[in-house]
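**Q** So here's work_0.cif, just mmCIF, C-alpha atoms:
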```
data_my_file
loop_
_atom_site.group_PDB
_atom_site.id
_atom_site.type_symbol
_atom_site.label_atom_id
_atom_site.label_comp_id
_atom_site.auth_asym_id
_atom_site.auth_seq_id
_atom_site.Cartn_x
_atom_site.Cartn_y
_atom_site.Cartn_z
ATOM 1 C CA MET A 1 42.018 -33.279 15.979
ATOM 2 C CA ALA A 2 42.753 -29.659 15.024
ATOM 3 C CA LYS A 3 41.142 -30.246 11.657
ATOM 4 C CA THR A 4 38.061 -31.672 13.346
ATOM 5 C CA VAL A 5 37.757 -28.612 15.579
ATOM 6 C CA GLU A 6 38.275 -26.337 12.590
ATOM 7 C CA ASP A 7 35.618 -28.170 10.595
ATOM 8 C CA PHE A 8 33.245 -27.954 13.549
ATOM 9 C CA ASN A 9 33.786 -24.211 13.849
ATOM 10 C CA LYS A 10 33.189 -23.763 10.113
ATOM 11 C CA ARG A 11 29.966 -25.745 10.270
ATOM 12 C CA ARG A 12 28.835 -23.742 13.277
ATOM 13 C CA LEU A 13 29.662 -20.479 11.523
ATOM 14 C CA ARG A 14 27.856 -21.612 8.367
ATOM 15 C CA SER A 15 24.852 -22.682 10.410
ATOM 16 C CA SER A 16 24.844 -19.337 12.242
ATOM 17 C CA ASN A 17 24.975 -17.398 8.973
ATOM 18 C CA ILE A 18 22.155 -19.465 7.457
ATOM 19 C CA THR A 19 20.019 -18.884 10.557
ATOM 20 C CA VAL A 20 20.600 -15.119 10.371
ATOM 21 C CA VAL A 21 19.831 -15.005 6.628
ATOM 22 C CA ILE A 22 16.625 -17.013 7.064
ATOM 23 C CA SER A 23 15.566 -14.776 9.961
ATOM 24 C CA ILE A 24 16.190 -11.626 7.931
ATOM 25 C CA ALA A 25 14.426 -13.038 4.856
ATOM 26 C CA LEU A 26 11.391 -14.180 6.849
ATOM 27 C CA VAL A 27 11.040 -10.923 8.746
ATOM 28 C CA LEU A 28 11.456 -8.767 5.621
ATOM 29 C CA PHE A 29 9.001 -10.995 3.751
ATOM 30 C CA LEU A 30 6.348 -10.355 6.413
ATOM 31 C CA LEU A 31 7.203 -6.647 6.554
ATOM 32 C CA GLY A 32 7.022 -6.372 2.759
ATOM 33 C CA LEU A 33 3.716 -8.254 2.756
ATOM 34 C CA MET A 34 2.256 -5.729 5.190
ATOM 35 C CA GLY A 35 3.594 -2.950 2.949
ATOM 36 C CA LEU A 36 1.855 -4.457 -0.092
ATOM 37 C CA ILE A 37 -1.366 -4.873 1.877
ATOM 38 C CA LEU A 38 -1.193 -1.255 3.047
ATOM 39 C CA ILE A 39 -0.547 0.085 -0.474
ATOM 40 C CA ASN A 40 -3.334 -1.962 -2.033
ATOM 41 C CA ALA A 41 -5.725 -1.280 0.838
ATOM 42 C CA GLN A 42 -5.340 2.436 0.123
ATOM 43 C CA LYS A 43 -5.892 1.810 -3.602
ATOM 44 C CA TYR A 44 -8.915 -0.378 -2.930
ATOM 45 C CA SER A 45 -10.287 2.282 -0.595
ATOM 46 C CA ASP A 46 -9.926 4.886 -3.346
ATOM 47 C CA TYR A 47 -11.498 2.488 -5.872
ATOM 48 C CA ILE A 48 -14.566 1.979 -3.666
ATOM 49 C CA LYS A 49 -14.918 5.718 -3.081
ATOM 50 C CA GLU A 50 -14.870 6.289 -6.833
ATOM 51 C CA GLN A 51 -17.864 3.957 -7.199
ATOM 52 C CA LEU A 52 -19.997 6.247 -5.014
ATOM 53 C CA VAL A 53 -21.447 8.438 -7.738
ATOM 54 C CA VAL A 54 -23.433 11.685 -7.723
ATOM 55 C CA ASN A 55 -26.230 12.061 -10.290
ATOM 56 C CA ALA A 56 -26.748 15.538 -11.767
ATOM 57 C CA TYR A 57 -30.026 15.925 -13.696
ATOM 58 C CA PHE A 58 -30.986 18.244 -16.540
ATOM 59 C CA ASP A 59 -34.461 19.765 -16.939
ATOM 60 C CA GLU A 60 -36.982 16.974 -17.546
ATOM 61 C CA ASN A 61 -39.234 19.260 -19.653
ATOM 62 C CA TYR A 62 -38.240 18.217 -23.137
ATOM 63 C CA ASP A 63 -39.485 19.564 -26.459
ATOM 64 C CA ALA A 64 -38.369 17.676 -29.577
ATOM 65 C CA LYS A 65 -38.367 20.927 -31.570
ATOM 66 C CA ASP A 66 -35.575 22.274 -29.336
ATOM 67 C CA SER A 67 -33.514 19.064 -29.413
ATOM 68 C CA VAL A 68 -30.498 20.665 -31.158
ATOM 69 C CA LYS A 69 -30.429 23.614 -28.765
ATOM 70 C CA ILE A 70 -30.878 21.332 -25.730
ATOM 71 C CA ALA A 71 -28.145 18.958 -26.936
ATOM 72 C CA LYS A 72 -25.714 21.871 -27.321
ATOM 73 C CA MET A 73 -26.570 23.209 -23.849
ATOM 74 C CA GLU A 74 -26.166 19.786 -22.249
ATOM 75 C CA ALA A 75 -22.819 19.272 -24.000
ATOM 76 C CA GLU A 76 -21.547 22.593 -22.613
ATOM 77 C CA THR A 77 -22.773 21.707 -19.114
ATOM 78 C CA PHE A 78 -21.113 18.291 -19.367
ATOM 79 C CA LYS A 79 -17.757 19.901 -20.220
ATOM 80 C CA LYS A 80 -18.081 22.325 -17.284
ATOM 81 C CA ILE A 81 -18.774 19.486 -14.847
ATOM 82 C CA GLN A 82 -15.864 17.474 -16.249
ATOM 83 C CA ALA A 83 -13.584 20.446 -15.564
ATOM 84 C CA LEU A 84 -14.577 20.729 -11.880
ATOM 85 C CA GLY A 85 -11.725 19.978 -9.480
ATOM 86 C CA PRO A 86 -13.482 17.285 -7.398
ATOM 87 C CA VAL A 87 -14.632 15.311 -10.473
ATOM 88 C CA LYS A 88 -12.710 12.123 -11.260
ATOM 89 C CA LYS A 89 -14.960 10.950 -14.092
ATOM 90 C CA ALA A 90 -18.223 12.138 -15.644
ATOM 91 C CA THR A 91 -20.555 10.023 -17.781
ATOM 92 C CA TYR A 92 -23.351 11.515 -19.862
ATOM 93 C CA ILE A 93 -26.636 9.555 -19.751
ATOM 94 C CA SER A 94 -29.103 10.521 -22.480
ATOM 95 C CA ARG A 95 -32.886 10.232 -22.203
ATOM 96 C CA GLU A 96 -32.784 7.112 -24.379
ATOM 97 C CA MET A 97 -30.118 5.495 -22.161
ATOM 98 C CA ALA A 98 -32.106 6.389 -19.032
ATOM 99 C CA ALA A 99 -35.225 4.853 -20.577
ATOM 100 C CA GLU A 100 -33.384 1.640 -21.462
ATOM 101 C CA GLU A 101 -32.031 1.386 -17.930
ATOM 102 C CA ALA A 102 -35.513 1.937 -16.508
ATOM 103 C CA LYS A 103 -36.984 -0.777 -18.774
ATOM 104 C CA LYS A 104 -34.352 -3.247 -17.605
ATOM 105 C CA SER A 105 -34.949 -2.482 -13.931
ATOM 106 C CA MET A 106 -38.727 -2.791 -14.390
ATOM 107 C CA GLY A 107 -38.544 -5.884 -16.590
ATOM 108 C CA ILE A 108 -40.357 -4.218 -19.504
ATOM 109 C CA GLU A 109 -39.329 -5.395 -22.970
ATOM 110 C CA SER A 110 -41.825 -3.616 -25.222
ATOM 111 C CA SER A 111 -41.241 0.014 -26.162
ATOM 112 C CA ALA A 112 -44.923 0.473 -26.929
ATOM 113 C CA LEU A 113 -45.706 0.808 -23.235
ATOM 114 C CA PHE A 114 -42.855 3.139 -22.596
ATOM 115 C CA ASP A 115 -42.290 6.795 -23.351
ATOM 116 C CA GLU A 116 -38.566 7.479 -23.702
ATOM 117 C CA ASN A 117 -38.958 11.183 -23.016
ATOM 118 C CA ILE A 118 -40.290 10.844 -19.481
ATOM 119 C CA PHE A 119 -36.777 10.430 -18.047
ATOM 120 C CA PRO A 120 -34.446 13.449 -18.024
ATOM 121 C CA SER A 121 -30.909 13.192 -19.260
ATOM 122 C CA SER A 122 -28.267 13.306 -16.554
ATOM 123 C CA ILE A 123 -24.580 13.185 -15.740
ATOM 124 C CA GLU A 124 -23.171 10.446 -13.517
ATOM 125 C CA VAL A 125 -20.283 11.960 -11.578
ATOM 126 C CA ALA A 126 -17.585 9.912 -9.853
ATOM 127 C CA LEU A 127 -15.661 12.053 -7.391
ATOM 128 C CA LYS A 128 -11.967 11.941 -6.605
ATOM 129 C CA PRO A 129 -11.352 9.834 -3.444
ATOM 130 C CA GLU A 130 -10.150 12.816 -1.410
ATOM 131 C CA PHE A 131 -13.502 14.585 -1.977
ATOM 132 C CA VAL A 132 -15.559 11.639 -0.674
ATOM 133 C CA ASP A 133 -15.177 13.184 2.733
ATOM 134 C CA PRO A 134 -17.844 14.316 5.235
ATOM 135 C CA THR A 135 -16.261 17.778 5.348
ATOM 136 C CA LYS A 136 -16.114 18.203 1.556
ATOM 137 C CA ILE A 137 -19.019 16.259 0.054
ATOM 138 C CA GLU A 138 -21.716 18.894 0.663
ATOM 139 C CA GLN A 139 -19.564 21.654 -0.770
ATOM 140 C CA THR A 140 -18.837 19.498 -3.819
ATOM 141 C CA ILE A 141 -22.549 18.821 -4.393
ATOM 142 C CA LYS A 142 -23.301 22.548 -4.193
ATOM 143 C CA GLN A 143 -20.579 23.168 -6.747
ATOM 144 C CA ILE A 144 -22.221 20.702 -9.147
ATOM 145 C CA GLU A 145 -25.694 22.114 -8.473
ATOM 146 C CA SER A 146 -24.513 25.629 -9.335
ATOM 147 C CA THR A 147 -23.456 24.534 -12.830
ATOM 148 C CA PRO A 148 -25.782 26.154 -15.411
ATOM 149 C CA GLY A 149 -28.212 23.614 -16.868
ATOM 150 C CA ILE A 150 -28.337 21.367 -13.802
ATOM 151 C CA ILE A 151 -31.615 21.557 -11.888
ATOM 152 C CA ASP A 152 -31.216 18.711 -9.416
ATOM 153 C CA VAL A 153 -28.418 16.653 -7.838
ATOM 154 C CA LYS A 154 -29.066 13.381 -6.048
ATOM 155 C CA ASN A 155 -26.679 11.318 -3.991
ATOM 156 C CA ASN A 156 -26.644 9.160 -0.905
ATOM 157 C CA SER A 157 -24.426 11.329 1.288
ATOM 158 C CA THR A 158 -25.172 9.179 4.357
ATOM 159 C CA LEU A 159 -23.813 6.107 2.554
ATOM 160 C CA MET A 160 -20.762 8.062 1.402
ATOM 161 C CA VAL A 161 -19.961 9.200 4.941
ATOM 162 C CA GLU A 162 -20.479 5.692 6.321
ATOM 163 C CA VAL A 163 -18.227 4.112 3.677
ATOM 164 C CA TYR A 164 -15.614 6.833 4.218
ATOM 165 C CA ASN A 165 -15.521 6.247 7.981
ATOM 166 C CA ASN A 166 -15.404 2.443 7.664
ATOM 167 C CA LEU A 167 -12.604 2.510 5.082
ATOM 168 C CA ASN A 168 -10.584 4.950 7.164
ATOM 169 C CA ASN A 169 -10.946 2.733 10.244
ATOM 170 C CA ILE A 170 -9.743 -0.283 8.256
ATOM 171 C CA LEU A 171 -6.740 1.659 6.947
ATOM 172 C CA LYS A 172 -5.858 2.787 10.484
ATOM 173 C CA TRP A 173 -5.863 -0.838 11.705
ATOM 174 C CA ILE A 174 -3.684 -1.946 8.779
ATOM 175 C CA LEU A 175 -1.276 0.938 9.425
ATOM 176 C CA GLY A 176 -1.143 -0.021 13.117
ATOM 177 C CA PHE A 177 -0.317 -3.640 12.253
ATOM 178 C CA SER A 178 2.347 -2.440 9.792
ATOM 179 C CA LEU A 179 4.046 -0.388 12.515
ATOM 180 C CA LEU A 180 3.847 -3.389 14.849
ATOM 181 C CA PHE A 181 5.505 -5.575 12.203
ATOM 182 C CA LEU A 182 8.223 -2.954 11.784
ATOM 183 C CA ILE A 183 8.992 -3.066 15.510
ATOM 184 C CA LEU A 184 8.966 -6.881 15.465
ATOM 185 C CA ALA A 185 11.295 -6.854 12.451
ATOM 186 C CA ILE A 186 13.818 -4.694 14.299
ATOM 187 C CA VAL A 187 13.615 -6.844 17.451
ATOM 188 C CA LEU A 188 13.862 -10.216 15.664
ATOM 189 C CA ILE A 189 16.737 -9.246 13.363
ATOM 190 C CA ASN A 190 18.534 -7.610 16.281
ATOM 191 C CA ASN A 191 18.183 -10.769 18.406
ATOM 192 C CA SER A 192 19.497 -12.987 15.574
ATOM 193 C CA ILE A 193 22.537 -10.757 15.095
ATOM 194 C CA ARG A 194 23.191 -10.570 18.848
ATOM 195 C CA LEU A 195 23.242 -14.354 19.108
ATOM 196 C CA LYS A 196 25.699 -14.544 16.223
ATOM 197 C CA ILE A 197 28.002 -11.901 17.731
ATOM 198 C CA PHE A 198 27.649 -13.521 21.164
ATOM 199 C CA SER A 199 29.289 -16.696 19.815
ATOM 200 C CA LYS A 200 32.311 -14.590 18.776
ATOM 201 C CA ARG A 201 32.672 -12.545 21.945
ATOM 202 C CA PHE A 202 35.965 -14.190 22.960
ATOM 203 C CA ILE A 203 37.464 -13.578 19.499
ATOM 204 C CA ILE A 204 36.446 -9.923 19.725
ATOM 205 C CA LYS A 205 37.997 -9.479 23.147
ATOM 206 C CA THR A 206 41.165 -11.391 22.156
ATOM 207 C CA MET A 207 41.677 -9.088 19.163
ATOM 208 C CA GLN A 208 41.212 -6.093 21.435
ATOM 209 C CA LEU A 209 43.675 -7.399 24.034
ATOM 210 C CA VAL A 210 46.427 -7.872 21.423
ATOM 211 C CA GLY A 211 46.112 -4.226 20.395
ATOM 212 C CA ALA A 212 43.599 -4.197 17.560
ATOM 213 C CA LYS A 213 41.676 -0.949 17.284
ATOM 214 C CA ARG A 214 37.914 -0.947 17.596
ATOM 215 C CA ARG A 215 37.472 0.230 14.013
ATOM 216 C CA PHE A 216 39.678 -2.624 12.781
ATOM 217 C CA ILE A 217 37.632 -5.151 14.796
ATOM 218 C CA LEU A 218 34.284 -3.746 13.640
ATOM 219 C CA LYS A 219 35.186 -3.650 9.936
ATOM 220 C CA PRO A 220 34.924 -7.400 9.111
ATOM 221 C CA PHE A 221 31.737 -7.732 11.182
ATOM 222 C CA ILE A 222 30.128 -4.818 9.338
ATOM 223 C CA LYS A 223 31.121 -6.266 5.953
ATOM 224 C CA GLU A 224 29.646 -9.614 6.906
ATOM 225 C CA ALA A 225 26.483 -7.912 8.186
ATOM 226 C CA ILE A 226 26.047 -6.088 4.858
ATOM 227 C CA ILE A 227 26.440 -9.344 2.915
ATOM 228 C CA LEU A 228 23.997 -11.218 5.167
ATOM 229 C CA GLY A 229 21.526 -8.328 5.044
ATOM 230 C CA VAL A 230 21.668 -8.172 1.241
ATOM 231 C CA ILE A 231 21.232 -11.941 0.840
ATOM 232 C CA GLY A 232 18.364 -12.030 3.341
ATOM 233 C CA ALA A 233 16.644 -9.043 1.707
ATOM 234 C CA VAL A 234 17.004 -10.512 -1.802
ATOM 235 C CA ILE A 235 15.570 -13.875 -0.711
ATOM 236 C CA GLY A 236 12.705 -12.296 1.235
ATOM 237 C CA LEU A 237 11.752 -9.874 -1.545
ATOM 238 C CA THR A 238 12.066 -12.548 -4.254
ATOM 239 C CA VAL A 239 9.675 -14.865 -2.423
ATOM 240 C CA LEU A 240 7.345 -11.964 -1.641
ATOM 241 C CA PHE A 241 6.984 -10.701 -5.210
ATOM 242 C CA ALA A 242 6.878 -14.187 -6.700
ATOM 243 C CA GLY A 243 3.880 -14.870 -4.463
ATOM 244 C CA TRP A 244 2.363 -11.478 -5.215
ATOM 245 C CA TYR A 245 2.778 -11.966 -8.989
ATOM 246 C CA TYR A 246 1.000 -15.324 -8.731
ATOM 247 C CA PHE A 247 -1.802 -13.708 -6.730
ATOM 248 C CA ILE A 248 -2.236 -10.882 -9.266
ATOM 249 C CA THR A 249 -2.210 -13.184 -12.302
ATOM 250 C CA GLN A 250 -4.597 -15.729 -10.770
ATOM 251 C CA ILE A 251 -7.032 -13.453 -8.946
ATOM 252 C CA GLY A 252 -6.376 -9.979 -10.301
ATOM 253 C CA THR A 253 -7.293 -6.560 -8.886
ATOM 254 C CA PRO A 254 -9.851 -3.960 -10.026
ATOM 255 C CA PHE A 255 -7.094 -1.352 -10.354
ATOM 256 C CA ALA A 256 -3.671 -1.134 -11.961
ATOM 257 C CA GLN A 257 -0.562 -1.620 -9.877
ATOM 258 C CA ASP A 258 1.587 1.473 -9.380
ATOM 259 C CA ASN A 259 5.129 0.442 -10.343
ATOM 260 C CA ASN A 260 6.632 3.509 -8.671
ATOM 261 C CA GLN A 261 5.109 2.565 -5.319
ATOM 262 C CA LEU A 262 6.338 -1.028 -5.708
ATOM 263 C CA ILE A 263 9.867 0.180 -6.508
ATOM 264 C CA ILE A 264 9.827 2.461 -3.449
ATOM 265 C CA LEU A 265 8.626 -0.473 -1.314
ATOM 266 C CA VAL A 266 11.382 -2.778 -2.642
ATOM 267 C CA VAL A 267 14.128 -0.197 -2.115
ATOM 268 C CA GLY A 268 12.753 0.721 1.319
ATOM 269 C CA ILE A 269 12.542 -2.895 2.543
ATOM 270 C CA PHE A 270 15.982 -3.682 1.082
ATOM 271 C CA LEU A 271 17.694 -0.696 2.716
ATOM 272 C CA LEU A 272 15.819 -1.248 5.974
ATOM 273 C CA GLY A 273 16.968 -4.884 6.157
ATOM 274 C CA VAL A 274 20.604 -3.954 5.540
ATOM 275 C CA PHE A 275 20.440 -1.001 7.945
ATOM 276 C CA ILE A 276 18.937 -3.021 10.804
ATOM 277 C CA THR A 277 21.495 -5.798 10.266
ATOM 278 C CA VAL A 278 24.469 -3.405 10.247
ATOM 279 C CA PHE A 279 23.167 -1.341 13.166
ATOM 280 C CA SER A 280 22.507 -4.463 15.274
ATOM 281 C CA THR A 281 25.977 -5.787 14.450
ATOM 282 C CA ILE A 282 27.667 -2.545 15.495
ATOM 283 C CA PHE A 283 25.576 -2.329 18.662
ATOM 284 C CA ALA A 284 26.227 -5.965 19.686
ATOM 285 C CA THR A 285 29.959 -5.831 18.849
ATOM 286 C CA TRP A 286 30.423 -2.516 20.639
ATOM 287 C CA ARG A 287 28.891 -4.014 23.750
ATOM 288 C CA PHE A 288 31.601 -6.682 23.961
ATOM 289 C CA LEU A 289 34.324 -4.182 23.081
ATOM 290 C CA ARG A 290 33.371 -2.151 26.157
ATOM 291 C CA SER A 291 33.012 -5.124 28.488
ATOM 292 C CA ASN A 292 35.640 -6.650 30.760
ATOM 293 C CA VAL A 293 37.036 -10.139 30.196
ATOM 294 C CA ASP A 294 35.211 -11.462 33.284
ATOM 295 C CA ASP A 295 31.919 -10.118 31.956
ATOM 296 C CA LEU A 296 32.172 -12.351 28.886
ATOM 297 C CA TYR A 297 31.384 -15.421 30.985
ATOM 298 C CA TYR A 298 28.172 -13.894 32.332
ATOM 299 C CA SER A 299 26.877 -12.106 29.192
#
```
Output the file's structure as structure tokens, nothing else.
**A**
Amino acid sequence: MAKTVEDFNKRRLRSSNITVVISIALVLFLLGLMGLILINAQKYSDYIKEQLVVNAYFDENYDAKDSVKIAKMEAETFKKIQALGPVKKATYISREMAAEEAKKSMGIESSALFDENIFPSSIEVALKPEFVDPTKIEQTIKQIESTPGIIDVKNNSTLMVEVYNNLNNILKWILGFSLLFLILAIVLINNSIRLKIFSKRFIIKTMQLVGAKRRFILKPFIKEAIILGVIGAVIGLTVLFAGWYYFITQIGTPFAQDNNQLIILVVGIFLLGVFITVFSTIFATWRFLRSNVDDLYYS
């Protein structure tokens, strides 16, 4: 009979531990997923902003006799624009390249009907994401316009501002959901740990009544919490990044993944899972250590 009771208690303890580990793994998986979404949403936002280019044009009056002098001047201007702080990338577009692009857009195949010199050479400027900002874009355009050799700068500033505002709103919503998931993670893990400690409340009080110090009672519970937190975090993160790796390899992204950010996310989620588990264990155990024996029947 005693063996049957002992086996029952072991099965119940094992079942309780499995439930806690699964809860931790599931919650950290969802929290890590929101972290990945937030990181990549910021990257995708920056990627889109970099596609909003500014076109800086050279003088369209072109004389073939001065081609060497003009080429040298344009090369110097190109280097100056490349060196500007707000510039992420600059691409030189020659008159010939501009003419080819115009022929494609107009559907003209014959060069006989087309004069290549009617289009000025230009520089296509992609700005750094932080400068695609309503408060900075006009100043940046003026900076490009003031570069010697540039006579005109064209961009769709209205589109830039609209894209900037929309992307920022999306990022705010994602950040809000991430904070909500963080709160839910704390609540759910805390509830799982409290239920586990609740099943051991009589053992805790018995140890206290026979003279065991609170630190002595807390020690095995904290050790167990660390082990459960580590196992849950490892399972959750393994499933998360296995799924993410499959997503990246099958679908791909237009930008490279930042390994440093991923490492920070892994370490952060791992430590957070262990911390919440340990903190909840201490909090729940301490509650029963401070309670009276009669209170255990009504907890």
**Q** Given only C-alpha atoms as the basis, pick out the residue of A:Ala242, A:Met207, A:Ile48, A:Ala75 nearest to A:Glu130.
**A**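 Going through A:Ala242, A:Met207, A:Ile48, A:Ala75 one by one, the smallest distance to A:Glu130 is for A:Ile48.
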**Q** When you count all atoms listed in the file, which of these residues is closest to A:Ile203: A:Val274, A:Ile141, A:Ile248, A:Leu218?
**A**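 Among A:Val274, A:Ile141, A:Ile248, A:Leu218, it is A:Leu218 that comes nearest to A:Ile203.
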**Q** Considering all atoms listed in the file, can you say which of A:Leu209, A:Leu28, A:Ile37, A:Ala83 comes closest to A:Val267?
**A**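 Closest to A:Val267, using all atoms listed in the file: A:Leu28.
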**Q** Taking the file above as input, evaluate the PyMOL selection byres ((chain A and resi 177) around 12) and report the hits as a compact mmCIF listing (two decimals) with C-alpha atoms, in the coordinates of the input.
**A**
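Written output follows (part03.txt):
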```txt
# COMPACT_ATOMS: atom_id res chain seq x y z
CA LEU A 30 6.35 -10.36 6.41
CA LEU A 31 7.20 -6.65 6.55
CA LEU A 33 3.72 -8.25 2.76
CA MET A 34 2.26 -5.73 5.19
CA GLY A 35 3.59 -2.95 2.95
CA ILE A 37 -1.37 -4.87 1.88
CA LEU A 38 -1.19 -1.25 3.05
CA ILE A 170 -9.74 -0.28 8.26
CA LEU A 171 -6.74 1.66 6.95
CA LYS A 172 -5.86 2.79 10.48
CA TRP A 173 -5.86 -0.84 11.70
CA ILE A 174 -3.68 -1.95 8.78
CA LEU A 175 -1.28 0.94 9.43
CA GLY A 176 -1.14 -0.02 13.12
CA SER A 178 2.35 -2.44 9.79
CA LEU A 179 4.05 -0.39 12.52
CA LEU A 180 3.85 -3.39 14.85
CA PHE A 181 5.50 -5.58 12.20
CA LEU A 182 8.22 -2.95 11.78
CA ILE A 183 8.99 -3.07 15.51
CA LEU A 184 8.97 -6.88 15.46
```
**Q** Please list, as number ranges by chain, the residues that have an atom at most 7 Å away from (28.5, -7.8, 16.1) in the coordinates of this file, counting all atoms listed in the file.
**A** A: 193-194, 197, 221, 280-285
**Q** Between atom CA of A:Ser146 and atom CA of A:Lys69, what is the distance, to one decimal in Å?
**A**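 Pair atom CA of A:Ser146 / atom CA of A:Lys69 returns 20.4 Å.
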**Q** Fewer than 5 positions away in the same chain doesn't count, so skip those; otherwise give me all residues within 8 Å of A:Ser94, counting only C-alpha atoms, as a PyMOL selection string.
**A** chain A and resi 120-122
**Q** In Å, with one decimal, what is the gap from atom CA of A:Ile123 to atom CA of A:Lys104?
**A**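 The value is 19.2 Å.
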**Q** Quick one: distance from atom CA of A:Leu272 to atom CA of A:Arg201 in Å, one decimal?
**A** 25.8 Å
**Q** Once the PyMOL selection byres ((chain A and resi 240) around 10) has been applied to the shown file, what residues remain in the selection, as a PDB file with C-alpha atoms, keeping the file's coordinate frame?
**A**
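As written to disk, result-v7.pdb reads:
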```pdb
ATOM      1  CA  ALA A  25      14.426 -13.038   4.856  1.00  0.00           C
ATOM      2  CA  LEU A  26      11.391 -14.180   6.849  1.00  0.00           C
ATOM      3  CA  LEU A  28      11.456  -8.767   5.621  1.00  0.00           C
ATOM      4  CA  PHE A  29       9.001 -10.995   3.751  1.00  0.00           C
ATOM      5  CA  LEU A  30       6.348 -10.355   6.413  1.00  0.00           C
ATOM      6  CA  LEU A  31       7.203  -6.647   6.554  1.00  0.00           C
ATOM      7  CA  GLY A  32       7.022  -6.372   2.759  1.00  0.00           C
ATOM      8  CA  LEU A  33       3.716  -8.254   2.756  1.00  0.00           C
ATOM      9  CA  LEU A  36       1.855  -4.457  -0.092  1.00  0.00           C
ATOM     10  CA  VAL A 234      17.004 -10.512  -1.802  1.00  0.00           C
ATOM     11  CA  ILE A 235      15.570 -13.875  -0.711  1.00  0.00           C
ATOM     12  CA  GLY A 236      12.705 -12.296   1.235  1.00  0.00           C
ATOM     13  CA  LEU A 237      11.752  -9.874  -1.545  1.00  0.00           C
ATOM     14  CA  THR A 238      12.066 -12.548  -4.254  1.00  0.00           C
ATOM     15  CA  VAL A 239       9.675 -14.865  -2.423  1.00  0.00           C
ATOM     16  CA  PHE A 241       6.984 -10.701  -5.210  1.00  0.00           C
ATOM     17  CA  ALA A 242       6.878 -14.187  -6.700  1.00  0.00           C
ATOM     18  CA  GLY A 243       3.880 -14.870  -4.463  1.00  0.00           C
ATOM     19  CA  TRP A 244       2.363 -11.478  -5.215  1.00  0.00           C
ATOM     20  CA  TYR A 245       2.778 -11.966  -8.989  1.00  0.00           C
TER      21      TYR A 245
END
```
**Q** Contacts of A:Val54 at 9 Å or less, counting all atoms listed in the file, minus same-chain residues fewer than 2 places along, as a PyMOL selection string?
**A** chain A and resi 52+56+123-127+141+153-156
**Q** Show me as a list in words the residues that reach within 10 Å of (-26.5, 25.4, -21.8), counting all atoms listed in the file and using the file's own coordinates.
**A**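 The residues near that point, listed by chain and number, are Phe58, Lys69, Ile70, Ala71, Lys72, Met73, Glu74, Ala75, Glu76, Thr77, Phe78, Thr147, Pro148, Gly149 and Ile150 of chain A.
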**Q** Considering all atoms listed in the file, can you say which of A:Lys79, A:Ser192, A:Phe198, A:Asp46 comes closest to A:Phe131?
**A**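 Once distances to A:Phe131 are computed over all atoms listed in the file, the minimum belongs to A:Asp46.
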**Q** Could you spell out the hits of the PyMOL selection byres ((chain A and resi 273) around 8) on the shown file, as a PyMOL selection string?
**A** chain A and resi 24+28+229-230+232-233+269-272+274-277
**Q** Dump C-alpha atoms for the selected residues as a PDB file, in the frame of the given file?
**A**
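So the final result, stored in out.pdb, reads:
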```pdb
ATOM      1  CA  ILE A  24      16.190 -11.626   7.931  1.00  0.00           C
ATOM      2  CA  LEU A  28      11.456  -8.767   5.621  1.00  0.00           C
ATOM      3  CA  GLY A 229      21.526  -8.328   5.044  1.00  0.00           C
ATOM      4  CA  VAL A 230      21.668  -8.172   1.241  1.00  0.00           C
ATOM      5  CA  GLY A 232      18.364 -12.030   3.341  1.00  0.00           C
ATOM      6  CA  ALA A 233      16.644  -9.043   1.707  1.00  0.00           C
ATOM      7  CA  ILE A 269      12.542  -2.895   2.543  1.00  0.00           C
ATOM      8  CA  PHE A 270      15.982  -3.682   1.082  1.00  0.00           C
ATOM      9  CA  LEU A 271      17.694  -0.696   2.716  1.00  0.00           C
ATOM     10  CA  LEU A 272      15.819  -1.248   5.974  1.00  0.00           C
ATOM     11  CA  VAL A 274      20.604  -3.954   5.540  1.00  0.00           C
ATOM     12  CA  PHE A 275      20.440  -1.001   7.945  1.00  0.00           C
ATOM     13  CA  ILE A 276      18.937  -3.021  10.804  1.00  0.00           C
ATOM     14  CA  THR A 277      21.495  -5.798  10.266  1.00  0.00           C
TER      15      THR A 277
END
```
**Q** Which residue out of A:Ala225, A:Gly85, A:Ile39, A:Ile217 has the minimum interatomic distance to A:Asn260 when all atoms listed in the file are used?
**A**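 For A:Asn260, the nearest of the candidates is A:Ile39.
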**Q** Please determine, counting only C-alpha atoms, which residue among A:Lys49, A:Arg214, A:Arg95, A:Lys196 has the shortest atom-to-atom distance to A:Val132.
**A** A:Lys49
**Q** Output stretch 168-173 of chain A as a compact mmCIF listing (two decimals), in the coordinates of the input, making sure N, CA and C atoms are there.
**A**
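Final output, saved to rebuild_30.txt:
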```txt
# COMPACT_ATOMS: atom_id res chain seq x y z
N ASN A 168 -11.65 4.30 6.40
CA ASN A 168 -10.58 4.95 7.16
C ASN A 168 -10.22 4.15 8.40
N ASN A 169 -11.22 3.57 9.07
CA ASN A 169 -10.95 2.73 10.24
C ASN A 169 -10.13 1.51 9.86
N ILE A 170 -10.48 0.89 8.72
CA ILE A 170 -9.74 -0.28 8.26
C ILE A 170 -8.30 0.08 7.95
N LEU A 171 -8.10 1.22 7.29
CA LEU A 171 -6.74 1.66 6.95
C LEU A 171 -5.91 1.95 8.20
N LYS A 172 -6.56 2.50 9.23
CA LYS A 172 -5.86 2.79 10.48
C LYS A 172 -5.38 1.49 11.14
N TRP A 173 -6.24 0.46 11.13
CA TRP A 173 -5.86 -0.84 11.70
C TRP A 173 -4.70 -1.45 10.93
```
